[in-house]
Amino acid sequence: MARKPVIAGNWKMNTTPDEGVQLVEGLKKRLSGINDVEIIVAPPFTHLSRVGEVVEKSNIKLSSQDMSPKDSGAYTGEVSPLMIKAVGCQYVIIGHSERRLYFGETDESVEEKVTAALNHGITPIICIGESLAEREADQTLNVILTQLKGGLSCLTAKNLKDIIIAYEPVWAIGTGKTATDEQAQDVHHFIRKTLAGLFGEEISGQTRILYGGSVKPDNVSGLMTQPDIDGALVGGASLSVESFEKIVKFNRS
Ligand code: PEP
């Protein structure tokens, strides 16, 4: 079964709610009719409800950038899976390197959130990736293996089809330094091979693995022609209708 490409925009902590609505209205117009690419936007929590109303019944799907693993309770400041689902989220980004770096996210908390997302029928977009120091110390594949095994031990051959993995080398995020097509493909291939070893070739061949790290209109096609790259998680370039449109249309001239 061919893997449908995914282009997901992570808005991070950018835009006011009004600006977010304007952005997604622009995207909705320019991307209507595209059904061979899964298009996802991940606005801040405060925008989800309004952006969700704009994209309802369109080809643009909604994601949150994080969530609590708990359903409800005394967890001040947290937002639960039930809440994001109620405003239309079908996806949630989990374990983004900025959450790992600034907010103490670990492989254990990633696993807890992935489990919660799957229990609620929300597709987790699980982020993994090495730092510059780890790459320079030739530790990339070890780090990836640890993050995969540690954060994903709740996965089985049955639910692997319900997740998306995003390989995001930390040194490429927001820096303008993209991994070369070959560097990205090598790690994606390693991830797929690892999943095949854990869960079998068939299901690993159906798992979507996205690349993230300074993806722009001018480098997306090269990345997307790599055999194990199934899409992109886009930060900065998802904040403009023009650039996100071009990235989503990577396969149209
Ligand atoms: C990201 O936030 O996941 C990301 C890849 O950001 P950027 O595209 O800006 O590097």
# chains A, B, ... in the order shown; residues from 1 in each chain; ligands from 1

call {"tool": "residues_near_ligand", "arguments": {"ligand": "ligand 1", "cutoff": "7 Å", "atoms": "only C-alpha atoms and all ligand atoms", "output": "JSON, numbers by chain"}}
result
{"A": [10, 12, 96, 168, 172, 173, 174, 175, 176, 212, 213, 214, 215, 233, 234, 235, 236, 237]}

call {"tool": "select_by_dssp", "arguments": {"residues": "segment 17-64 of chain A", "states": "alpha helix (DSSP H)", "output": "PyMOL selection string"}}
result
chain A and resi 17-31+48-55

call {"tool": "closest_atom_pairs", "arguments": {"of": "segment 137-192 of chain A", "to": "segment 197-202 of chain A", "cutoff": "9 Å", "atoms": "only C-alpha atoms", "output": "JSON lines"}}
result
{"residue": "A:Leu155", "atom": "CA", "partner": "A:Phe199", "partner_atom": "CA", "distance": 8.9}
{"residue": "A:Thr156", "atom": "CA", "partner": "A:Phe199", "partner_atom": "CA", "distance": 6.7}
{"residue": "A:Ala157", "atom": "CA", "partner": "A:Phe199", "partner_atom": "CA", "distance": 5.0}
{"residue": "A:Lys158", "atom": "CA", "partner": "A:Phe199", "partner_atom": "CA", "distance": 8.8}
{"residue": "A:Leu160", "atom": "CA", "partner": "A:Phe199", "partner_atom": "CA", "distance": 8.2}
{"residue": "A:Arg192", "atom": "CA", "partner": "A:Glu201", "partner_atom": "CA", "distance": 8.5}

call {"tool": "write_last_selection", "arguments": {"atoms": "C-alpha atoms", "output": "PDB file, in the first residue's frame"}}
result
ATOM      1  CA  LEU A 155       3.510   0.462  20.300  1.00  0.00           C
ATOM      2  CA  THR A 156       2.564  -2.843  18.735  1.00  0.00           C
ATOM      3  CA  ALA A 157       2.357  -4.122  15.184  1.00  0.00           C
ATOM      4  CA  LYS A 158      -1.366  -3.335  15.468  1.00  0.00           C
ATOM      5  CA  LEU A 160       1.971   1.271  14.428  1.00  0.00           C
ATOM      6  CA  ARG A 192      12.122   2.049   9.030  1.00  0.00           C
TER       7      ARG A 192
END

call {"tool": "residues_around", "arguments": {"residues": "segment 1-9 of chain A", "least_positions_apart": "6", "cutoff": "9 Å", "atoms": "only C-alpha atoms", "output": "ChimeraX atom specification"}}
result
/A:36-43,61,63,205-210,224,229-239,244,247-248

call {"tool": "write_last_selection", "arguments": {"atoms": "C-alpha atoms", "output": "mmCIF file, in the first residue's frame"}}
result
data_model
loop_
_atom_site.group_PDB
_atom_site.id
_atom_site.type_symbol
_atom_site.label_atom_id
_atom_site.label_comp_id
_atom_site.auth_asym_id
_atom_site.auth_seq_id
_atom_site.Cartn_x
_atom_site.Cartn_y
_atom_site.Cartn_z
ATOM 1 C CA ASP A 36 -3.251 13.263 -2.624
ATOM 2 C CA VAL A 37 -1.426 14.943 0.277
ATOM 3 C CA GLU A 38 -2.561 14.892 3.907
ATOM 4 C CA ILE A 39 -2.438 18.544 4.999
ATOM 5 C CA ILE A 40 -2.229 19.337 8.720
ATOM 6 C CA VAL A 41 -1.923 22.595 10.656
ATOM 7 C CA ALA A 42 -0.893 22.782 14.317
ATOM 8 C CA PRO A 43 -1.777 26.198 15.760
ATOM 9 C CA LYS A 61 -6.730 18.642 9.307
ATOM 10 C CA SER A 63 -3.361 19.114 15.228
ATOM 11 C CA GLY A 205 6.461 -0.319 5.185
ATOM 12 C CA GLN A 206 3.142 1.407 5.929
ATOM 13 C CA THR A 207 4.409 3.805 8.609
ATOM 14 C CA ARG A 208 4.754 7.431 7.574
ATOM 15 C CA ILE A 209 8.059 9.052 8.524
ATOM 16 C CA LEU A 210 8.290 12.826 8.047
ATOM 17 C CA MET A 224 10.349 14.090 -0.960
ATOM 18 C CA ILE A 229 10.707 10.243 3.370
ATOM 19 C CA ASP A 230 6.922 10.478 3.411
ATOM 20 C CA GLY A 231 6.392 14.122 4.192
ATOM 21 C CA ALA A 232 7.508 17.131 6.154
ATOM 22 C CA LEU A 233 6.917 18.771 9.502
ATOM 23 C CA VAL A 234 7.355 22.453 8.711
ATOM 24 C CA GLY A 235 7.938 25.231 11.242
ATOM 25 C CA GLY A 236 8.874 28.702 9.965
ATOM 26 C CA ALA A 237 7.715 28.164 6.396
ATOM 27 C CA SER A 238 4.239 27.150 7.567
ATOM 28 C CA LEU A 239 3.526 30.697 8.733
ATOM 29 C CA PHE A 244 3.236 26.505 2.877
ATOM 30 C CA ILE A 247 5.536 22.984 0.073
ATOM 31 C CA VAL A 248 2.166 21.193 -0.039
#

call {"tool": "atom_distance", "arguments": {"atom1": "atom CA of Ile122 of chain A", "atom2": "atom CA of Cys89 of chain A"}}
result
7.4 Å

call {"tool": "atom_distance", "arguments": {"atom1": "atom CA of Ser80 of chain A", "atom2": "atom CA of Ile191 of chain A"}}
result
29.2 Å

call {"tool": "select_by_dssp", "arguments": {"residues": "segment 73-224 of chain A", "states": "strand (DSSP E or B)", "output": "ChimeraX atom specification"}}
result
/A:89-94,123-128,164-167,208-212

call {"tool": "atom_distance", "arguments": {"atom1": "atom CA of Met67 of chain A", "atom2": "atom CA of Pro44 of chain A"}}
result
11.2 Å

call {"tool": "residues_around", "arguments": {"residues": "Cys154 of chain A", "least_positions_apart": "3", "cutoff": "8 Å", "atoms": "only C-alpha atoms", "output": "number ranges by chain"}}
result
A: 111, 114-115, 151

call {"tool": "closest_residue", "arguments": {"among": "A:His120, A:Lys246, A:Arg252, A:Arg30", "to": "Leu82 of chain A", "atoms": "only C-alpha atoms"}}
result
A:His120

call {"tool": "residues_around", "arguments": {"residues": "Leu23 of chain A", "least_positions_apart": "2", "cutoff": "8 Å", "atoms": "only C-alpha atoms", "output": "JSON, numbers by chain"}}
result
{"A": [19, 20, 21, 25, 26, 27, 239, 240, 241]}

call {"tool": "residues_around", "arguments": {"residues": "Pro169 of chain A", "least_positions_apart": "4", "cutoff": "9 Å", "atoms": "only C-alpha atoms", "output": "PyMOL selection string"}}
result
chain A and resi 97+128-132+135+140+173+178-179+184+211-213

call {"tool": "write_last_selection", "arguments": {"atoms": "all heavy atoms", "output": "mmCIF file, in the first residue's frame"}}
result
data_model
loop_
_atom_site.group_PDB
_atom_site.id
_atom_site.type_symbol
_atom_site.label_atom_id
_atom_site.label_comp_id
_atom_site.auth_asym_id
_atom_site.auth_seq_id
_atom_site.Cartn_x
_atom_site.Cartn_y
_atom_site.Cartn_z
ATOM 1 N N SER A 97 11.391 18.614 19.830
ATOM 2 C CA SER A 97 12.674 18.863 20.517
ATOM 3 C C SER A 97 12.614 20.100 21.395
ATOM 4 O O SER A 97 13.307 20.179 22.410
ATOM 5 C CB SER A 97 13.806 18.976 19.508
ATOM 6 O OG SER A 97 13.568 20.071 18.658
ATOM 7 N N ILE A 128 11.472 12.766 16.885
ATOM 8 C CA ILE A 128 12.755 12.283 17.403
ATOM 9 C C ILE A 128 13.863 12.957 16.603
ATOM 10 O O ILE A 128 13.625 13.457 15.501
ATOM 11 C CB ILE A 128 12.883 10.740 17.277
ATOM 12 C CG1 ILE A 128 12.660 10.285 15.823
ATOM 13 C CG2 ILE A 128 11.888 10.040 18.188
ATOM 14 C CD1 ILE A 128 12.875 8.786 15.625
ATOM 15 N N GLY A 129 15.060 12.994 17.161
ATOM 16 C CA GLY A 129 16.166 13.600 16.410
ATOM 17 C C GLY A 129 17.341 13.902 17.308
ATOM 18 O O GLY A 129 17.183 14.072 18.516
ATOM 19 N N GLU A 130 18.517 13.968 16.687
ATOM 20 C CA GLU A 130 19.751 14.166 17.444
ATOM 21 C C GLU A 130 20.172 15.629 17.461
ATOM 22 O O GLU A 130 19.818 16.386 16.564
ATOM 23 C CB GLU A 130 20.872 13.298 16.838
ATOM 24 C CG GLU A 130 21.570 13.870 15.600
ATOM 25 C CD GLU A 130 20.722 13.853 14.329
ATOM 26 O OE1 GLU A 130 19.561 13.414 14.377
ATOM 27 O OE2 GLU A 130 21.231 14.308 13.279
ATOM 28 N N SER A 131 20.960 15.984 18.476
ATOM 29 C CA SER A 131 21.516 17.338 18.544
ATOM 30 C C SER A 131 22.775 17.411 17.671
ATOM 31 O O SER A 131 23.275 16.371 17.214
ATOM 32 C CB SER A 131 21.877 17.678 19.989
ATOM 33 O OG SER A 131 22.938 16.838 20.405
ATOM 34 N N LEU A 132 23.299 18.612 17.529
ATOM 35 C CA LEU A 132 24.522 18.782 16.735
ATOM 36 C C LEU A 132 25.678 18.028 17.397
ATOM 37 O O LEU A 132 26.443 17.324 16.717
ATOM 38 C CB LEU A 132 24.854 20.274 16.601
ATOM 39 C CG LEU A 132 26.065 20.588 15.715
ATOM 40 C CD1 LEU A 132 25.868 20.052 14.306
ATOM 41 C CD2 LEU A 132 26.324 22.090 15.680
ATOM 42 N N ARG A 135 25.402 14.408 16.684
ATOM 43 C CA ARG A 135 25.777 14.074 15.299
ATOM 44 C C ARG A 135 27.291 14.110 15.143
ATOM 45 O O ARG A 135 27.894 13.208 14.574
ATOM 46 C CB ARG A 135 25.102 15.018 14.291
ATOM 47 C CG ARG A 135 25.540 14.757 12.855
ATOM 48 C CD ARG A 135 24.609 15.312 11.819
ATOM 49 N NE ARG A 135 23.425 14.505 11.591
ATOM 50 C CZ ARG A 135 23.318 13.552 10.660
ATOM 51 N NH1 ARG A 135 24.340 13.272 9.871
ATOM 52 N NH2 ARG A 135 22.201 12.877 10.518
ATOM 53 N N THR A 140 24.320 9.708 16.107
ATOM 54 C CA THR A 140 22.967 9.904 15.578
ATOM 55 C C THR A 140 22.108 8.639 15.675
ATOM 56 O O THR A 140 21.011 8.666 16.246
ATOM 57 C CB THR A 140 23.022 10.385 14.109
ATOM 58 O OG1 THR A 140 23.727 11.624 14.100
ATOM 59 C CG2 THR A 140 21.641 10.581 13.526
ATOM 60 N N ILE A 173 16.572 22.575 13.017
ATOM 61 C CA ILE A 173 15.283 23.219 13.304
ATOM 62 C C ILE A 173 15.459 24.717 13.495
ATOM 63 O O ILE A 173 16.201 25.155 14.383
ATOM 64 C CB ILE A 173 14.617 22.601 14.550
ATOM 65 C CG1 ILE A 173 14.301 21.135 14.271
ATOM 66 C CG2 ILE A 173 13.357 23.356 14.930
ATOM 67 C CD1 ILE A 173 13.632 20.423 15.409
ATOM 68 N N THR A 178 19.385 22.646 6.490
ATOM 69 C CA THR A 178 18.613 21.412 6.304
ATOM 70 C C THR A 178 19.588 20.245 6.226
ATOM 71 O O THR A 178 20.692 20.413 5.717
ATOM 72 C CB THR A 178 17.891 21.416 4.939
ATOM 73 O OG1 THR A 178 17.572 22.741 4.624
ATOM 74 C CG2 THR A 178 16.677 20.542 4.940
ATOM 75 N N ALA A 179 19.172 19.088 6.679
ATOM 76 C CA ALA A 179 19.965 17.890 6.406
ATOM 77 C C ALA A 179 19.977 17.711 4.893
ATOM 78 O O ALA A 179 19.004 18.071 4.223
ATOM 79 C CB ALA A 179 19.317 16.686 7.075
ATOM 80 N N ALA A 184 19.176 12.820 5.462
ATOM 81 C CA ALA A 184 17.817 12.561 5.937
ATOM 82 C C ALA A 184 17.396 11.136 5.563
ATOM 83 O O ALA A 184 16.896 10.385 6.408
ATOM 84 C CB ALA A 184 16.857 13.594 5.358
ATOM 85 N N TYR A 211 10.161 14.261 7.561
ATOM 86 C CA TYR A 211 11.397 14.966 7.877
ATOM 87 C C TYR A 211 11.024 16.372 8.339
ATOM 88 O O TYR A 211 10.112 17.002 7.777
ATOM 89 C CB TYR A 211 12.320 15.046 6.641
ATOM 90 C CG TYR A 211 13.460 15.999 6.918
ATOM 91 C CD1 TYR A 211 14.550 15.580 7.684
ATOM 92 C CD2 TYR A 211 13.397 17.331 6.504
ATOM 93 C CE1 TYR A 211 15.550 16.472 8.018
ATOM 94 C CE2 TYR A 211 14.400 18.219 6.836
ATOM 95 C CZ TYR A 211 15.470 17.787 7.599
ATOM 96 O OH TYR A 211 16.456 18.676 7.943
ATOM 97 N N GLY A 212 11.733 16.874 9.340
ATOM 98 C CA GLY A 212 11.530 18.265 9.764
ATOM 99 C C GLY A 212 12.855 18.916 10.065
ATOM 100 O O GLY A 212 13.757 18.283 10.637
ATOM 101 N N GLY A 213 12.973 20.177 9.688
ATOM 102 C CA GLY A 213 14.201 20.933 9.937
ATOM 103 C C GLY A 213 14.475 21.831 8.758
ATOM 104 O O GLY A 213 15.042 21.397 7.767
#
